[in-house]
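As stored in entry-v7.pdb (PDB, C-alpha atoms and all ligand atoms):
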ATOM      1  CA  MET A   1      -0.564  -5.453 -51.625
ATOM      2  CA  GLN A   2      -2.695  -3.005 -49.729
ATOM      3  CA  SER A   3      -3.764  -5.697 -47.258
ATOM      4  CA  LEU A   4      -0.158  -6.873 -46.887
ATOM      5  CA  ASN A   5       0.821  -3.327 -45.956
ATOM      6  CA  LYS A   6      -1.977  -3.274 -43.410
ATOM      7  CA  VAL A   7      -0.645  -6.488 -41.831
ATOM      8  CA  ARG A   8       2.898  -5.060 -41.828
ATOM      9  CA  GLU A   9       1.637  -1.909 -40.160
ATOM     10  CA  PHE A  10      -0.211  -3.983 -37.556
ATOM     11  CA  MET A  11       2.869  -6.111 -36.803
ATOM     12  CA  ARG A  12       5.330  -3.194 -36.530
ATOM     13  CA  ARG A  13       7.425  -3.824 -33.422
ATOM     14  CA  ASP A  14       7.428  -0.184 -32.423
ATOM     15  CA  ARG A  15       3.703   0.193 -32.716
ATOM     16  CA  VAL A  16       1.938   1.172 -29.494
ATOM     17  CA  PHE A  17      -1.708   0.080 -29.471
ATOM     18  CA  ASP A  18      -4.236   2.343 -27.809
ATOM     19  CA  PHE A  19      -5.183  -0.348 -25.330
ATOM     20  CA  LEU A  20      -1.526  -0.604 -24.233
ATOM     21  CA  VAL A  21      -1.217   3.053 -23.341
ATOM     22  CA  PRO A  22      -1.515   3.306 -19.548
ATOM     23  CA  GLU A  23      -4.866   4.672 -18.403
ATOM     24  CA  PRO A  24      -4.451   7.897 -16.431
ATOM     25  CA  LEU A  25      -5.428   7.430 -12.786
ATOM     26  CA  PRO A  26      -9.035   8.526 -12.103
ATOM     27  CA  VAL A  27      -9.360  11.977 -10.579
ATOM     28  CA  VAL A  28      -9.589  11.922  -6.790
ATOM     29  CA  ASP A  29     -11.014  15.050  -5.210
ATOM     30  CA  VAL A  30      -8.752  16.052  -2.322
ATOM     31  CA  SER A  31      -9.805  19.681  -2.247
ATOM     32  CA  HIS A  32     -10.371  19.310   1.508
ATOM     33  CA  ASP A  33      -6.837  17.912   1.889
ATOM     34  CA  VAL A  34      -8.204  14.547   3.022
ATOM     35  CA  LEU A  35      -7.475  11.470   0.925
ATOM     36  CA  LEU A  36      -9.165   8.785   2.991
ATOM     37  CA  TYR A  37     -12.404   9.142   4.938
ATOM     38  CA  VAL A  38     -13.446   6.301   7.252
ATOM     39  CA  GLU A  39     -16.619   6.927   9.240
ATOM     40  CA  SER A  40     -18.655   4.853  11.703
ATOM     41  CA  LEU A  41     -17.088   1.662  10.406
ATOM     42  CA  SER A  42     -18.103  -1.600  12.046
ATOM     43  CA  VAL A  43     -17.235  -5.171  11.091
ATOM     44  CA  SER A  44     -18.387  -8.244  13.021
ATOM     45  CA  PHE A  45     -17.223 -11.817  12.758
ATOM     46  CA  ASP A  46     -19.786 -14.164  14.297
ATOM     47  CA  GLY A  47     -21.035 -11.396  16.558
ATOM     48  CA  PHE A  48     -17.510 -10.287  17.586
ATOM     49  CA  LYS A  49     -16.826  -6.643  16.657
ATOM     50  CA  ALA A  50     -13.424  -6.507  14.988
ATOM     51  CA  LEU A  51     -14.133  -2.857  14.083
ATOM     52  CA  ASN A  52     -16.451  -0.864  16.263
ATOM     53  CA  ASN A  53     -17.699   2.505  15.023
ATOM     54  CA  LEU A  54     -14.238   3.474  13.791
ATOM     55  CA  ASN A  55     -13.573   7.007  12.501
ATOM     56  CA  LEU A  56     -10.362   7.907  10.745
ATOM     57  CA  TYR A  57      -9.266  10.656   8.350
ATOM     58  CA  ILE A  58      -5.970  10.487   6.504
ATOM     59  CA  GLY A  59      -4.663  13.695   4.962
ATOM     60  CA  ASP A  60      -3.474  13.822   1.375
ATOM     61  CA  GLY A  61       0.282  13.193   1.292
ATOM     62  CA  GLU A  62       0.429  12.186   4.945
ATOM     63  CA  LEU A  63       2.548   9.421   6.439
ATOM     64  CA  ARG A  64       0.338   7.925   9.151
ATOM     65  CA  CYS A  65       1.352   5.171  11.531
ATOM     66  CA  LEU A  66      -1.282   2.809  12.833
ATOM     67  CA  ILE A  67      -0.467   0.938  16.014
ATOM     68  CA  GLY A  68      -2.372  -1.270  18.426
ATOM     69  CA  ALA A  69      -2.150  -4.593  20.205
ATOM     70  CA  ASN A  70      -2.756  -7.896  18.419
ATOM     71  CA  GLY A  71      -6.421  -8.131  17.509
ATOM     72  CA  ALA A  72      -7.016  -4.353  17.699
ATOM     73  CA  GLY A  73      -8.463  -4.390  14.165
ATOM     74  CA  LYS A  74      -5.593  -3.019  12.048
ATOM     75  CA  THR A  75      -5.674  -5.785   9.435
ATOM     76  CA  THR A  76      -9.461  -5.750   9.294
ATOM     77  CA  LEU A  77      -9.352  -2.013   8.590
ATOM     78  CA  MET A  78      -6.870  -2.561   5.725
ATOM     79  CA  ASP A  79      -9.090  -5.383   4.435
ATOM     80  CA  VAL A  80     -12.106  -3.060   4.313
ATOM     81  CA  ILE A  81     -10.195  -0.226   2.611
ATOM     82  CA  THR A  82      -8.950  -2.592  -0.096
ATOM     83  CA  GLY A  83     -12.349  -4.243  -0.641
ATOM     84  CA  LYS A  84     -11.431  -7.663   0.778
ATOM     85  CA  THR A  85     -13.897  -7.425   3.665
ATOM     86  CA  ARG A  86     -17.342  -5.803   3.559
ATOM     87  CA  PRO A  87     -18.325  -3.895   6.689
ATOM     88  CA  ASP A  88     -21.681  -4.139   8.482
ATOM     89  CA  THR A  89     -22.030  -0.356   8.625
ATOM     90  CA  GLY A  90     -20.065   2.790   7.904
ATOM     91  CA  MET A  91     -18.472   4.508   4.961
ATOM     92  CA  VAL A  92     -15.067   4.613   3.322
ATOM     93  CA  TYR A  93     -14.292   7.249   0.677
ATOM     94  CA  LEU A  94     -11.169   7.954  -1.328
ATOM     95  CA  GLY A  95     -11.259  11.694  -1.732
ATOM     96  CA  GLN A  96     -14.738  13.123  -1.740
ATOM     97  CA  ARG A  97     -16.134  11.213  -4.645
ATOM     98  CA  HIS A  98     -15.099   7.574  -4.639
ATOM     99  CA  ASN A  99     -17.110   5.344  -2.342
ATOM    100  CA  LEU A 100     -14.792   2.369  -1.855
ATOM    101  CA  LEU A 101     -17.531   0.236  -0.345
ATOM    102  CA  ASP A 102     -19.315  -0.156  -3.655
ATOM    103  CA  LYS A 103     -16.143  -1.149  -5.501
ATOM    104  CA  THR A 104     -14.378  -4.450  -6.084
ATOM    105  CA  GLU A 105     -10.787  -5.088  -4.977
ATOM    106  CA  ALA A 106      -9.627  -4.616  -8.595
ATOM    107  CA  GLU A 107     -11.498  -1.313  -8.961
ATOM    108  CA  ILE A 108     -10.005  -0.035  -5.702
ATOM    109  CA  ALA A 109      -6.513  -0.947  -6.931
ATOM    110  CA  THR A 110      -7.238   0.881 -10.193
ATOM    111  CA  LEU A 111      -8.140   3.983  -8.196
ATOM    112  CA  GLY A 112      -4.568   3.937  -6.897
ATOM    113  CA  VAL A 113      -4.747   2.048  -3.600
ATOM    114  CA  GLY A 114      -1.775  -0.290  -3.207
ATOM    115  CA  ARG A 115      -1.243  -2.714  -0.359
ATOM    116  CA  LYS A 116       1.925  -4.369   0.809
ATOM    117  CA  PHE A 117       1.495  -7.388   3.021
ATOM    118  CA  GLN A 118       3.962  -8.278   5.736
ATOM    119  CA  LYS A 119       5.584 -11.208   3.905
ATOM    120  CA  PRO A 120       7.332 -10.228   0.681
ATOM    121  CA  THR A 121       5.871 -11.989  -2.354
ATOM    122  CA  VAL A 122       8.336 -11.320  -5.139
ATOM    123  CA  PHE A 123       8.938 -13.640  -8.098
ATOM    124  CA  GLN A 124      12.089 -15.359  -6.837
ATOM    125  CA  GLN A 125      13.183 -16.789 -10.197
ATOM    126  CA  HIS A 126      13.025 -13.442 -11.966
ATOM    127  CA  THR A 127      15.408 -10.524 -11.802
ATOM    128  CA  VAL A 128      14.605  -7.361  -9.896
ATOM    129  CA  PHE A 129      13.937  -5.574 -13.182
ATOM    130  CA  GLU A 130      11.629  -8.358 -14.412
ATOM    131  CA  ASN A 131       9.685  -8.241 -11.165
ATOM    132  CA  LEU A 132       8.993  -4.566 -11.714
ATOM    133  CA  GLU A 133       8.145  -5.183 -15.362
ATOM    134  CA  LEU A 134       5.788  -8.021 -14.427
ATOM    135  CA  SER A 135       3.909  -5.863 -11.971
ATOM    136  CA  LEU A 136       3.510  -3.185 -14.633
ATOM    137  CA  ARG A 137       2.001  -5.861 -16.918
ATOM    138  CA  MET A 138      -0.271  -7.169 -14.200
ATOM    139  CA  SER A 139      -1.687  -3.721 -13.648
ATOM    140  CA  LYS A 140      -3.052  -3.926 -17.205
ATOM    141  CA  ALA A 141      -5.834  -5.896 -18.823
ATOM    142  CA  ILE A 142      -5.011  -9.486 -19.815
ATOM    143  CA  LEU A 143      -5.329  -8.728 -23.525
ATOM    144  CA  ALA A 144      -2.988  -5.808 -23.156
ATOM    145  CA  SER A 145      -0.572  -8.022 -21.270
ATOM    146  CA  ILE A 146      -0.381 -10.570 -24.123
ATOM    147  CA  PHE A 147       0.668  -7.902 -26.602
ATOM    148  CA  TYR A 148       2.594  -5.958 -24.036
ATOM    149  CA  ARG A 149       5.843  -4.367 -25.050
ATOM    150  CA  MET A 150       7.359  -1.726 -22.829
ATOM    151  CA  ASN A 151       7.722   1.739 -24.201
ATOM    152  CA  SER A 152      10.507   4.101 -23.220
ATOM    153  CA  GLU A 153       8.282   5.901 -20.725
ATOM    154  CA  GLN A 154       7.736   2.640 -18.876
ATOM    155  CA  TYR A 155      11.487   1.854 -18.920
ATOM    156  CA  ASP A 156      12.051   5.280 -17.422
ATOM    157  CA  ARG A 157       9.428   4.621 -14.768
ATOM    158  CA  ILE A 158      11.125   1.351 -13.772
ATOM    159  CA  ALA A 159      14.525   3.059 -13.692
ATOM    160  CA  GLU A 160      13.052   5.777 -11.484
ATOM    161  CA  VAL A 161      11.492   3.212  -9.125
ATOM    162  CA  LEU A 162      14.775   1.252  -8.951
ATOM    163  CA  LYS A 163      16.447   4.464  -7.818
ATOM    164  CA  ILE A 164      13.766   5.230  -5.225
ATOM    165  CA  ILE A 165      13.999   1.766  -3.671
ATOM    166  CA  GLY A 166      17.808   1.769  -3.866
ATOM    167  CA  LEU A 167      18.101  -1.344  -6.038
ATOM    168  CA  THR A 168      19.482   0.114  -9.292
ATOM    169  CA  GLU A 169      22.707  -1.832  -8.890
ATOM    170  CA  HIS A 170      20.781  -5.038  -8.277
ATOM    171  CA  SER A 171      18.398  -4.744 -11.215
ATOM    172  CA  HIS A 172      19.802  -7.858 -12.966
ATOM    173  CA  GLN A 173      20.047  -9.933  -9.811
ATOM    174  CA  LEU A 174      17.515 -12.707  -9.180
ATOM    175  CA  ALA A 175      14.957 -11.562  -6.618
ATOM    176  CA  GLY A 176      15.418 -14.866  -4.764
ATOM    177  CA  ALA A 177      19.031 -13.885  -4.043
ATOM    178  CA  LEU A 178      18.122 -10.567  -2.397
ATOM    179  CA  SER A 179      18.269 -10.034   1.353
ATOM    180  CA  HIS A 180      14.983  -9.961   3.270
ATOM    181  CA  GLY A 181      15.096  -6.148   3.417
ATOM    182  CA  GLN A 182      15.819  -5.813  -0.301
ATOM    183  CA  LYS A 183      12.857  -8.076  -1.091
ATOM    184  CA  GLN A 184      10.623  -5.797   0.953
ATOM    185  CA  TRP A 185      11.879  -2.737  -0.938
ATOM    186  CA  LEU A 186      11.391  -4.530  -4.240
ATOM    187  CA  GLU A 187       7.817  -5.284  -3.297
ATOM    188  CA  ILE A 188       7.244  -1.631  -2.432
ATOM    189  CA  GLY A 189       8.733  -0.852  -5.851
ATOM    190  CA  MET A 190       6.302  -3.278  -7.479
ATOM    191  CA  LEU A 191       3.494  -1.145  -6.087
ATOM    192  CA  LEU A 192       5.193   2.114  -7.043
ATOM    193  CA  VAL A 193       5.438   1.278 -10.762
ATOM    194  CA  SER A 194       1.702   1.775 -11.069
ATOM    195  CA  ASP A 195       1.987   5.101  -9.243
ATOM    196  CA  PRO A 196      -0.422   4.534  -6.331
ATOM    197  CA  ARG A 197      -2.003   7.437  -4.436
ATOM    198  CA  LEU A 198      -2.405   5.532  -1.212
ATOM    199  CA  LEU A 199       0.064   2.916  -0.005
ATOM    200  CA  LEU A 200      -0.939   0.617   2.845
ATOM    201  CA  VAL A 201       2.133  -1.043   4.308
ATOM    202  CA  ASP A 202       1.871  -3.840   6.844
ATOM    203  CA  GLU A 203       4.774  -4.336   9.298
ATOM    204  CA  PRO A 204       7.509  -3.336   6.850
ATOM    205  CA  VAL A 205      10.476  -3.767   9.181
ATOM    206  CA  ALA A 206       9.640  -7.120  10.796
ATOM    207  CA  GLY A 207      12.765  -9.289  10.500
ATOM    208  CA  MET A 208      14.994  -6.509   9.157
ATOM    209  CA  THR A 209      18.529  -5.665  10.291
ATOM    210  CA  PRO A 210      19.016  -2.230  11.914
ATOM    211  CA  GLN A 211      20.561  -0.887   8.672
ATOM    212  CA  GLU A 212      17.640  -2.210   6.608
ATOM    213  CA  THR A 213      15.203  -0.687   9.078
ATOM    214  CA  GLU A 214      16.930   2.667   8.758
ATOM    215  CA  HIS A 215      16.788   2.496   4.950
ATOM    216  CA  THR A 216      13.089   1.574   5.103
ATOM    217  CA  ALA A 217      12.425   4.596   7.309
ATOM    218  CA  GLU A 218      14.117   6.833   4.725
ATOM    219  CA  LEU A 219      12.240   5.164   1.872
ATOM    220  CA  LEU A 220       8.779   5.516   3.421
ATOM    221  CA  THR A 221       9.464   9.066   4.533
ATOM    222  CA  SER A 222      10.556   9.978   1.011
ATOM    223  CA  LEU A 223       7.373   8.517  -0.490
ATOM    224  CA  ALA A 224       5.039  10.622   1.630
ATOM    225  CA  GLY A 225       4.108  14.026   0.299
ATOM    226  CA  GLU A 226       3.793  12.933  -3.293
ATOM    227  CA  ARG A 227       1.664  10.004  -2.150
ATOM    228  CA  THR A 228      -0.104   9.046   1.059
ATOM    229  CA  VAL A 229       1.358   6.243   3.160
ATOM    230  CA  VAL A 230      -0.279   4.325   6.008
ATOM    231  CA  VAL A 231       2.087   2.087   7.951
ATOM    232  CA  VAL A 232       0.991  -0.598  10.408
ATOM    233  CA  GLU A 233       3.900  -1.430  12.680
ATOM    234  CA  HIS A 234       4.630  -2.832  16.131
ATOM    235  CA  ASP A 235       8.260  -1.656  16.279
ATOM    236  CA  MET A 236       7.941   1.494  18.382
ATOM    237  CA  ALA A 237      11.485   2.760  17.724
ATOM    238  CA  PHE A 238      10.739   2.572  14.003
ATOM    239  CA  VAL A 239       7.384   4.293  14.421
ATOM    240  CA  ARG A 240       9.064   7.049  16.370
ATOM    241  CA  SER A 241      11.650   7.484  13.616
ATOM    242  CA  ILE A 242       9.068   8.065  10.862
ATOM    243  CA  ALA A 243       5.853   9.184  12.505
ATOM    244  CA  LYS A 244       4.379  12.622  12.409
ATOM    245  CA  LYS A 245       0.933  11.460  13.427
ATOM    246  CA  VAL A 246       0.067   8.148  15.048
ATOM    247  CA  THR A 247      -3.336   6.495  15.446
ATOM    248  CA  VAL A 248      -3.796   3.908  18.167
ATOM    249  CA  LEU A 249      -6.487   1.304  17.631
ATOM    250  CA  HIS A 250      -7.984  -0.618  20.509
ATOM    251  CA  GLN A 251     -10.826  -3.103  20.292
ATOM    252  CA  GLY A 252     -11.791  -1.910  16.847
ATOM    253  CA  SER A 253     -11.946   1.825  17.634
ATOM    254  CA  VAL A 254      -9.546   4.748  17.716
ATOM    255  CA  LEU A 255      -8.204   5.043  21.250
ATOM    256  CA  ALA A 256      -5.887   7.991  20.630
ATOM    257  CA  GLU A 257      -4.355  10.036  17.858
ATOM    258  CA  GLY A 258      -1.536  12.560  17.809
ATOM    259  CA  SER A 259       2.224  12.989  17.736
ATOM    260  CA  MET A 260       4.389  10.161  19.044
ATOM    261  CA  ASP A 261       5.041  12.220  22.200
ATOM    262  CA  ASP A 262       1.301  12.691  22.763
ATOM    263  CA  ILE A 263       0.738   8.973  22.282
ATOM    264  CA  GLN A 264       3.590   7.858  24.529
ATOM    265  CA  ASN A 265       2.327  10.104  27.331
ATOM    266  CA  ASN A 266      -1.322   9.170  26.962
ATOM    267  CA  PRO A 267      -2.357   7.196  30.104
ATOM    268  CA  ASP A 268      -4.984   5.166  28.208
ATOM    269  CA  VAL A 269      -2.444   4.139  25.580
ATOM    270  CA  ILE A 270       0.151   3.268  28.213
ATOM    271  CA  ASP A 271      -2.491   1.255  30.002
ATOM    272  CA  VAL A 272      -3.709  -0.858  27.095
ATOM    273  CA  TYR A 273      -0.765  -0.965  24.703
ATOM    274  CA  LEU A 274       2.546   0.700  25.400
ATOM    275  CA  GLY A 275       2.735  -0.591  28.948
ATOM    276  CA  GLU A 276       3.465  -4.054  27.578
ATOM    277  CA  SER A 277       5.521  -3.107  24.507
ATOM    278  CA  GLN A 278       7.781  -0.345  25.871
TER
HETATM  279  P1  LIG A 301      -2.374  -8.209  14.553
HETATM  280  O1  LIG A 301      -1.509  -7.096  15.051
HETATM  281  O2  LIG A 301      -2.217  -9.457  15.352
HETATM  282  O3  LIG A 301      -2.252  -8.453  13.088
HETATM  283  P2  LIG A 301      -4.835  -6.730  14.134
HETATM  284  O4  LIG A 301      -4.859  -5.464  14.873
HETATM  285  O5  LIG A 301      -4.448  -6.679  12.699
HETATM  286  O6  LIG A 301      -3.900  -7.768  14.862
HETATM  287  P3  LIG A 301      -7.210  -8.037  13.168
HETATM  288  O7  LIG A 301      -6.454  -9.097  12.438
HETATM  289  O8  LIG A 301      -7.866  -6.992  12.374
HETATM  290  O9  LIG A 301      -6.280  -7.365  14.279
HETATM  291  O10 LIG A 301      -8.266  -8.797  14.060
HETATM  292  C1  LIG A 301      -9.253  -8.140  14.847
HETATM  293  C2  LIG A 301     -10.082  -9.193  15.529
HETATM  294  O11 LIG A 301     -10.961  -9.799  14.574
HETATM  295  C3  LIG A 301      -9.256 -10.310  16.140
HETATM  296  O12 LIG A 301      -9.852 -10.669  17.374
HETATM  297  C4  LIG A 301      -9.370 -11.434  15.146
HETATM  298  O13 LIG A 301      -9.296 -12.707  15.778
HETATM  299  C5  LIG A 301     -10.769 -11.197  14.564
HETATM  300  N1  LIG A 301     -10.857 -11.644  13.160
HETATM  301  C6  LIG A 301     -10.184 -11.120  12.136
HETATM  302  N2  LIG A 301     -10.513 -11.735  10.984
HETATM  303  C7  LIG A 301     -11.432 -12.681  11.306
HETATM  304  C8  LIG A 301     -12.193 -13.650  10.564
HETATM  305  N3  LIG A 301     -12.053 -13.752   9.247
HETATM  306  N4  LIG A 301     -13.045 -14.429  11.235
HETATM  307  C9  LIG A 301     -13.203 -14.312  12.570
HETATM  308  N5  LIG A 301     -12.540 -13.416  13.328
HETATM  309  C10 LIG A 301     -11.665 -12.611  12.710
END
Mind turning this structure into structure tokens?
Ligand code: ATP
Amino acid sequence: MQSLNKVREFMRRDRVFDFLVPEPLPVVDVSHDVLLYVESLSVSFDGFKALNNLNLYIGDGELRCLIGANGAGKTTLMDVITGKTRPDTGMVYLGQRHNLLDKTEAEIATLGVGRKFQKPTVFQQHTVFENLELSLRMSKAILASIFYRMNSEQYDRIAEVLKIIGLTEHSHQLAGALSHGQKQWLEIGMLLVSDPRLLLVDEPVAGMTPQETEHTAELLTSLAGERTVVVVEHDMAFVRSIAKKVTVLHQGSVLAEGSMDDIQNNPDVIDVYLGESQ
């Protein structure tokens, strides 16, 4: 009887196992108000320097736009920050303590670095809600995922994210039936459920309607402050609408940094980048 009770206790539907309780995010020391430190970073591909002694500091809670011509090194920089590419030299720290260069992609994600690629990759055959639920599961260990049952806190988190991305009314709609813009917001939401500290967002408004672009500007602006957002984008009107500080990359290095007005009046930037895109 005693053992039967033990089994019953184990099988209780409302039981929350310790390994299912979300791990708190590791502490990141931002006492100097800088979340991301990139110093003297160089990456070569067959002798070609995709990043060349790059230095970049992103403040905690900042919304930073990263611009530059094709091949300037923007994607390579994102790849290094997220652990996909190993640099030849340099350092990358999250806060003052976490050296990202000695961590795997999974460890970097666990530290709270989320990346959104240009093309949305949502689960088309699942509803918006299920997509968010699935990404919550995937942020856990496989064993935890097998036994996974959402608790009310996690429901609340998904409801909160649905509100932030403006898809509450679409939560039961199949993701495949969403517009291109809505899919992009859903994918941002899929990152937000695990509460990232740093969001790297690659060309979020490519292919969007003007209304979707405007909503994306509001969304990204609202995310900054509580979290840090780095946006890579070629659409200059969009960059102007969200940017406080812009970094221009050129041939793997920082060419200029400042407000959008500073950047648009910088002769070097006009020469190598804006001249062709304005
Ligand atoms: P875009 O705006 O077109 O995405 P980008 O600024 O993101 O450009 P990167 O993709 O970082 O630029 O590329 C920087 C340079 O490094 C380019 O010349 C590119 O061809 C080269 N490169 C990037 N990845 C590799 C690779 N795996 N092997 C060889 N060369 C590469």
Practice item. Within 9 Å of Asp102 (chain A), counting all atoms listed in the file, which residues show up once you throw out same-chain ones fewer than 3 positions away? Write them as a ChimeraX atom specification, please. Key: /A:83,98-99
File dump, residues just selected, C-alpha atoms, as a PDB file, keeping the file's coordinate frame:
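Writing the result to out_0.pdb gives the following:
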ATOM      1  CA  GLY A  83     -12.349  -4.243  -0.641  1.00  0.00           C
ATOM      2  CA  HIS A  98     -15.099   7.574  -4.639  1.00  0.00           C
ATOM      3  CA  ASN A  99     -17.110   5.344  -2.342  1.00  0.00           C
TER       4      ASN A  99
END
Check your understanding: So which residues touch region 169-186 of chain A within 6 Å, counting all atoms listed in the file, skipping near sequence neighbours fewer than 2 positions away, as an MDAnalysis selection string?
Key -> chainID A and resid 120 124 126:129 165 167 188:189 208 212
Exercise for review: Return as a list in words the residues of protein, DNA or RNA that approach ligand LIG 301 (chain A) to within 8 Å, with all atoms listed in the file taken into account.
Suggested key: Ser44, Phe45, Asp46, Phe48, Lys49, Ala50, Leu51, Ile67, Gly68, Ala69, Asn70, Gly71, Ala72, Gly73, Lys74, Thr75, Thr76, Leu77, His234, Leu249, Gln251 and Gly252 of chain A
Point to revise | Atomic distance CA of Ile263 (chain A) - CA of Asn52 (chain A), expressed in Å with one decimal | key: 20.7 Å
**Study point:** Contacts of region 192-206 of chain A at 6 Å (only C-alpha atoms; same-chain gap of 5+ positions) as a ChimeraX atom specification
**Key:** /A:112-118,213,227-233
